[in-house]
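Participant: Below is one structure. I have some questions about it.
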Amino acid sequence: MHVLTYLAIVKVALIITLVYLAYIDFRTFRLPDAITLPMIAIGILFNVVGMPDPGLVSPISSLLGAIAGFVLLWALDKMYYWTKKQHGIGLGDAKLLSALGAWLGLSAIPNILLIASITGVVGGVLWLHFQKQTIRSAFPFGPFLAFAGIIELLWPQLLQALILNSPT
């Protein structure tokens, strides 16, 4: 099988998985370990083994991306817990960001977080409005992480290109 065909199949499978996870989180406020943990392991393995060609990113970037993805959201939740005495983000979100880091590498984490945060603010306001909830109500963040991961998978470095090429 041609390398580009193989890579396209992998990307489609990853997108389908991310859409499925977004749907689950949207409906249940849960991101199942049965999907997120294998995504982390398979993402690292894919980038280490590089079947049949090099993976999407280097093995070290994959490993560091997985670690940074989890640690960033875990630390954010801990800081929020220390100040508010309640959790602000679920560990499922941290595992999903870890999986995205494993697949797309350390350099993708800032872009994913920025896209997910911007779309999450807009989506969160809409969610709270249509669900007739208050600002203190929870809403799922996983769909926004999944959306950002898909954007970064299909158009890597899109934000930098938009920012750096914009007229001043």
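By convention in this document, the chains of the structure tokens carry letters A, B, ... by their order, each chain's residues are numbered from 1, and ligands are numbered from 1 in the order they are shown.
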Give me the residues near range 57-70 of chain A as a PyMOL selection string, where near means some atom within 9 Å (using only C-alpha atoms) and where sequence neighbours in that chain fewer than 4 positions away do not count.
Facilitator: chain A and resi 40+43-50+74-75+91+93-109
Participant: For each of A:Gly124, A:Gly88, A:Gly149, A:Gly142, take the minimum atom-to-atom distance to Leu76 in chain A, counting only C-alpha atoms, then give the residue where this is smallest.
Facilitator: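 Of the candidates, the smallest distance to Leu76 in chain A is held by A:Gly88.
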Participant: Have a look at A:Leu153, A:Ala138, A:Leu128, A:Leu56 and name the one nearest to His87 in chain A; count only C-alpha atoms.
Facilitator: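 The shortest atom-to-atom distance to His87 in chain A comes from A:Ala138.
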Participant: Counting only C-alpha atoms, figure out which residue out of A:Gly55, A:Ile112, A:Asp33, A:Val71 gets nearest to Lys11 in chain A.
Facilitator: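 Among the listed residues, the smallest separation from Lys11 in chain A belongs to A:Gly55.
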Participant: For the atom pair CA of Gly123 in chain A and CA of Ile15 in chain A, what is the interatomic distance in Å to one decimal place?
Facilitator: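 Taking CA of Gly123 in chain A as the start and CA of Ile15 in chain A as the end point, the length is 20.0 Å.
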